[in-house]
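Have a look at the structure below, then the notes.
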Protein chains: 2
Amino acid sequence: MSALLADVPLSRSVEDYLKAIYHLSSQGGFASTSDIAAMLLVAPPSVSGMIRRLSDSGLIEHVPYRGVQLTNQGRRAALRMIRRHRVLELYLTERLQYDWDGVHDEAERLEHAVSEELIDRMAQALGNPRYDPHGAPIPTAAGEIEETVLVPLSDAELGIAYELRQVDTEDPARLRYLAEQGLIPGKGVTVTGRQPFNGPVTFSLVPGGERVIGRELAQLLLCKRADG
Amino acid sequence: MSALLADVPLSRSVEDYLKAIYHLSSQGGFASTSDIAAMLLVAPPSVSGMIRRLSDSGLIEHVPYRGVQLTNQGRRAALRMIRRHRVLELYLTERLQYDWDGVHDEAERLEHAVSEELIDRMAQALGNPRYDPHGAPIPTAAGEIEETVLVPLSDAELGIAYELRQVDTEDPARLRYLAEQGLIPGKGVTVTGRQPFNGPVTFSLVPGGERVIGRELAQLLLCKRADG
DNA sequence: ACTTTGACTTAGTCTAGACTAACTTATGCC
DNA sequence: GGCATAAGTTAGTCTAGACTAAGTCAAAGT
């Protein structure tokens, strides 16, 4: 009913809000006003104002005092932005020698300016890759995204072989540290112990040896059982 | 006196105005309100408003009812944008298979979003080139631009060997046509005749044979004497 | 059931940058 | 030299998207 008009060009801000809402509502059902405000570094009333506009244009559903969810139209737009962002990140690292901890900001600005055509050309130049430098799946041009259930290293079963698939942060300092520790997508990991009270996690790396890492970082390391 | 503050980030619109003013005032001394309006497709009062703001921030000098000129600060900012645009155009054609008639719009949007670092990396990947795909000189990172006196093919001396150096349009249809005629930077040309009343120009292409072209297009083909 | 508290929304303001309508300046023609 | 015309400017309005201040809703504790 709401999607009477085809793809109207979206403003930079609208694109940012849709992306934020996508990320926030990917686990729980609703994205709250204050979470969106915190993610975008704006004041809550600014979010309320934007919610009205997005809701009026049929990109989100709003349940007052509860939160928002993307409509199909909104989800399509959000996935388009995520595809842009991830293709850009990979292109910059693969072709222009960016480090995986430095690409985020550049991609964040470029994603609003690139054409669909340029993204597709970049993707093609890279062989239509499925994952970005952090291991996050790249949505296809058609708007499909791979959904794999991954478990944080902090929750992995003891003694079981896992593969590190995705590093779930964009923070340069954390990314730099993790790369120094050899913790990049594709590595094999087996948790050998967990200290109580949110203490560190010990694990062995393949290739590589025994390591210890804080719980907070361990939660960012998304893994998959090596056999499954 | 006016450049008390160092490089404040400029808005997208400001960047567009500075670029337009640079181009318009490169030949004559002043850029007029209506010429700027025509180039940016905005109404003259919008230009008057922006002139006030640019003038207040020390980027231009305004002589009421006569026009504007860039200050040194403004010229630096304009050349930075032109460098971005031209590096992007070259990168897109060299590395992502864009045609020289299709790069302009993409570069026009990207130039506002890229960082200095990305431009420098692209330039480096291309071997710090001096000319864009249309033969226009690329300003250096330090803000210097090559100034060569070129003569339009329409004004070239009869029987003298010239080199086509630059094609001075961004219009895709014209660029496509010129490329089909073999008229790309680097080609040798000798004018053999000129019809009166803005009639066509006949010339020989090296390599290539005898050709005829309308006066309007001939004015876009900037050449240099082959010996000079 | 009342109150407290934190989250959310409404109301009103600000800025950049566009617009139209109306006025002013400069120029060129007779 | 006076007037028509084109170009430029001023004045006032609009929209997106931010803000602060103030009010409202809902959930939790007494």
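In the structure tokens, chains take the letters A, B, ... in the order shown, each chain's residues start at 1, and ligands count up from 1 in the order shown.
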
For chain A against chain B, with a cut-off of 12 Å and counting only C-alpha atoms, what is the closest atom pair and its distance in Å to one decimal for every residue that makes the cut, ordered by chain and number, as CSV?
```
residue,atom,partner,partner_atom,distance
A:Arg12,CA,B:Ala113,CA,11.5
A:Leu88,CA,B:Val114,CA,11.9
A:Tyr91,CA,B:Leu96,CA,11.4
A:Leu92,CA,B:Leu118,CA,8.7
A:Thr93,CA,B:Leu118,CA,11.3
A:Arg95,CA,B:Ala125,CA,8.9
A:Leu96,CA,B:Arg121,CA,6.4
A:Gln97,CA,B:Arg121,CA,8.2
A:Tyr98,CA,B:Leu118,CA,9.0
A:Gly102,CA,B:Glu117,CA,11.1
A:Val103,CA,B:Leu118,CA,10.2
A:Asp105,CA,B:Ser115,CA,9.5
A:Glu106,CA,B:Ser115,CA,7.0
A:Ala107,CA,B:Val114,CA,9.0
A:Glu108,CA,B:Ala113,CA,9.2
A:Arg109,CA,B:Ala113,CA,5.6
A:Leu110,CA,B:Ala113,CA,5.5
A:Glu111,CA,B:Ala113,CA,8.8
A:His112,CA,B:Ala113,CA,8.1
A:Ala113,CA,B:Leu110,CA,5.5
A:Val114,CA,B:Leu110,CA,6.5
A:Ser115,CA,B:Glu106,CA,7.0
A:Glu116,CA,B:Glu106,CA,10.3
A:Glu117,CA,B:Glu106,CA,9.4
A:Leu118,CA,B:Leu96,CA,8.1
A:Ile119,CA,B:Leu96,CA,10.2
A:Asp120,CA,B:Leu96,CA,10.1
A:Arg121,CA,B:Leu96,CA,6.4
A:Met122,CA,B:Leu96,CA,7.1
A:Ala123,CA,B:Leu96,CA,10.3
A:Gln124,CA,B:Leu96,CA,9.4
A:Ala125,CA,B:Leu96,CA,7.5
A:Leu126,CA,B:Leu96,CA,10.8
```

Could the residues in this selection be written to a file with C-alpha atoms, as a PDB file, in the first residue's frame?
```
ATOM      1  CA  ARG A  12      22.193  11.092   3.054  1.00  0.00           C
ATOM      2  CA  LEU A  88      33.695  -0.313  -0.920  1.00  0.00           C
ATOM      3  CA  TYR A  91      37.720  -2.658  -2.829  1.00  0.00           C
ATOM      4  CA  LEU A  92      39.699  -0.168  -0.788  1.00  0.00           C
ATOM      5  CA  THR A  93      41.591  -2.887   1.042  1.00  0.00           C
ATOM      6  CA  ARG A  95      42.963  -2.493  -4.587  1.00  0.00           C
ATOM      7  CA  LEU A  96      44.159   0.604  -2.786  1.00  0.00           C
ATOM      8  CA  GLN A  97      46.148  -0.812   0.117  1.00  0.00           C
ATOM      9  CA  TYR A  98      43.844   0.347   2.875  1.00  0.00           C
ATOM     10  CA  GLY A 102      41.032   2.255   8.283  1.00  0.00           C
ATOM     11  CA  VAL A 103      38.416   1.610   5.626  1.00  0.00           C
ATOM     12  CA  ASP A 105      35.201   6.023   7.584  1.00  0.00           C
ATOM     13  CA  GLU A 106      36.101   6.294   3.925  1.00  0.00           C
ATOM     14  CA  ALA A 107      33.398   3.775   2.966  1.00  0.00           C
ATOM     15  CA  GLU A 108      30.945   5.549   5.231  1.00  0.00           C
ATOM     16  CA  ARG A 109      31.255   8.734   3.182  1.00  0.00           C
ATOM     17  CA  LEU A 110      31.530   7.140  -0.225  1.00  0.00           C
ATOM     18  CA  GLU A 111      28.510   4.898   0.169  1.00  0.00           C
ATOM     19  CA  HIS A 112      26.256   7.921  -0.199  1.00  0.00           C
ATOM     20  CA  ALA A 113      27.907   9.121  -3.389  1.00  0.00           C
ATOM     21  CA  VAL A 114      28.580   6.053  -5.502  1.00  0.00           C
ATOM     22  CA  SER A 115      26.233   4.878  -8.229  1.00  0.00           C
ATOM     23  CA  GLU A 116      24.860   1.384  -8.410  1.00  0.00           C
ATOM     24  CA  GLU A 117      26.922   0.964 -11.549  1.00  0.00           C
ATOM     25  CA  LEU A 118      30.197   1.776  -9.849  1.00  0.00           C
ATOM     26  CA  ILE A 119      29.497  -0.640  -7.027  1.00  0.00           C
ATOM     27  CA  ASP A 120      28.699  -3.375  -9.515  1.00  0.00           C
ATOM     28  CA  ARG A 121      31.898  -2.648 -11.431  1.00  0.00           C
ATOM     29  CA  MET A 122      33.936  -2.772  -8.248  1.00  0.00           C
ATOM     30  CA  ALA A 123      32.260  -6.020  -7.225  1.00  0.00           C
ATOM     31  CA  GLN A 124      32.935  -7.456 -10.644  1.00  0.00           C
ATOM     32  CA  ALA A 125      36.580  -6.366 -10.540  1.00  0.00           C
ATOM     33  CA  LEU A 126      36.857  -8.268  -7.266  1.00  0.00           C
TER      34      LEU A 126
END
```

**Q.** Exercise answer, chain D residues close to chain B, 8 Å and only C-alpha atoms (C1' of nucleotides), as an NGL selection string
**A.** :D and (7-9)

Go ahead and save the picked residues with C-alpha atoms (C1' of nucleotides), as a PDB file, in the first residue's frame.
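Okay, this is what ended up in result.pdb:
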```
ATOM      1  C1'  DA D   7      21.706  41.819 -15.083  1.00  0.00           C
ATOM      2  C1'  DG D   8      22.157  41.915 -10.149  1.00  0.00           C
ATOM      3  C1'  DT D   9      20.415  42.343  -5.505  1.00  0.00           C
TER       4       DT D   9
END
```

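The gap separating atom CA of A:Val212 from atom CA of A:Asn198 is 13.0 Å, in Å to one decimal.
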
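Candidate residues C:DA22, C:DC8, C:DA1, C:DC30 were compared for distance to chain A, and the nearest is C:DC8, using only C-alpha atoms (C1' of nucleotides).
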
Q: Please provide the set of residues having any atom within 12 Å of D:DG29, restricted to only C-alpha atoms (C1' of nucleotides), with same-chain residues fewer than 4 positions apart removed, written as a list in words.
A: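 Here the qualifying residues turn out to be DC2, DT3, DT4 and DT5 of chain C.
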
Q.
Need to verify the contact set: D:DA4, 12 Å, only C-alpha atoms (C1' of nucleotides), exclusion of same-chain residues closer than 3 positions in sequence. Can you return it as a PyMOL selection string?
A. chain C and resi 27-30

Output C-alpha atoms (C1' of nucleotides) for every residue in that selection, as a PDB file, in the first residue's frame.
```pdb
ATOM      1  C1'  DT C  27      24.402  49.931 -20.151  1.00  0.00           C
ATOM      2  C1'  DG C  28      23.248  50.919 -24.750  1.00  0.00           C
ATOM      3  C1'  DC C  29      20.254  53.216 -28.057  1.00  0.00           C
ATOM      4  C1'  DC C  30      18.018  57.092 -30.030  1.00  0.00           C
TER       5       DC C  30
END
```

Q) Between C:DA26, C:DA7, C:DA21, C:DT15, which is the closest to chain B once you count only C-alpha atoms (C1' of nucleotides)? A) C:DA26
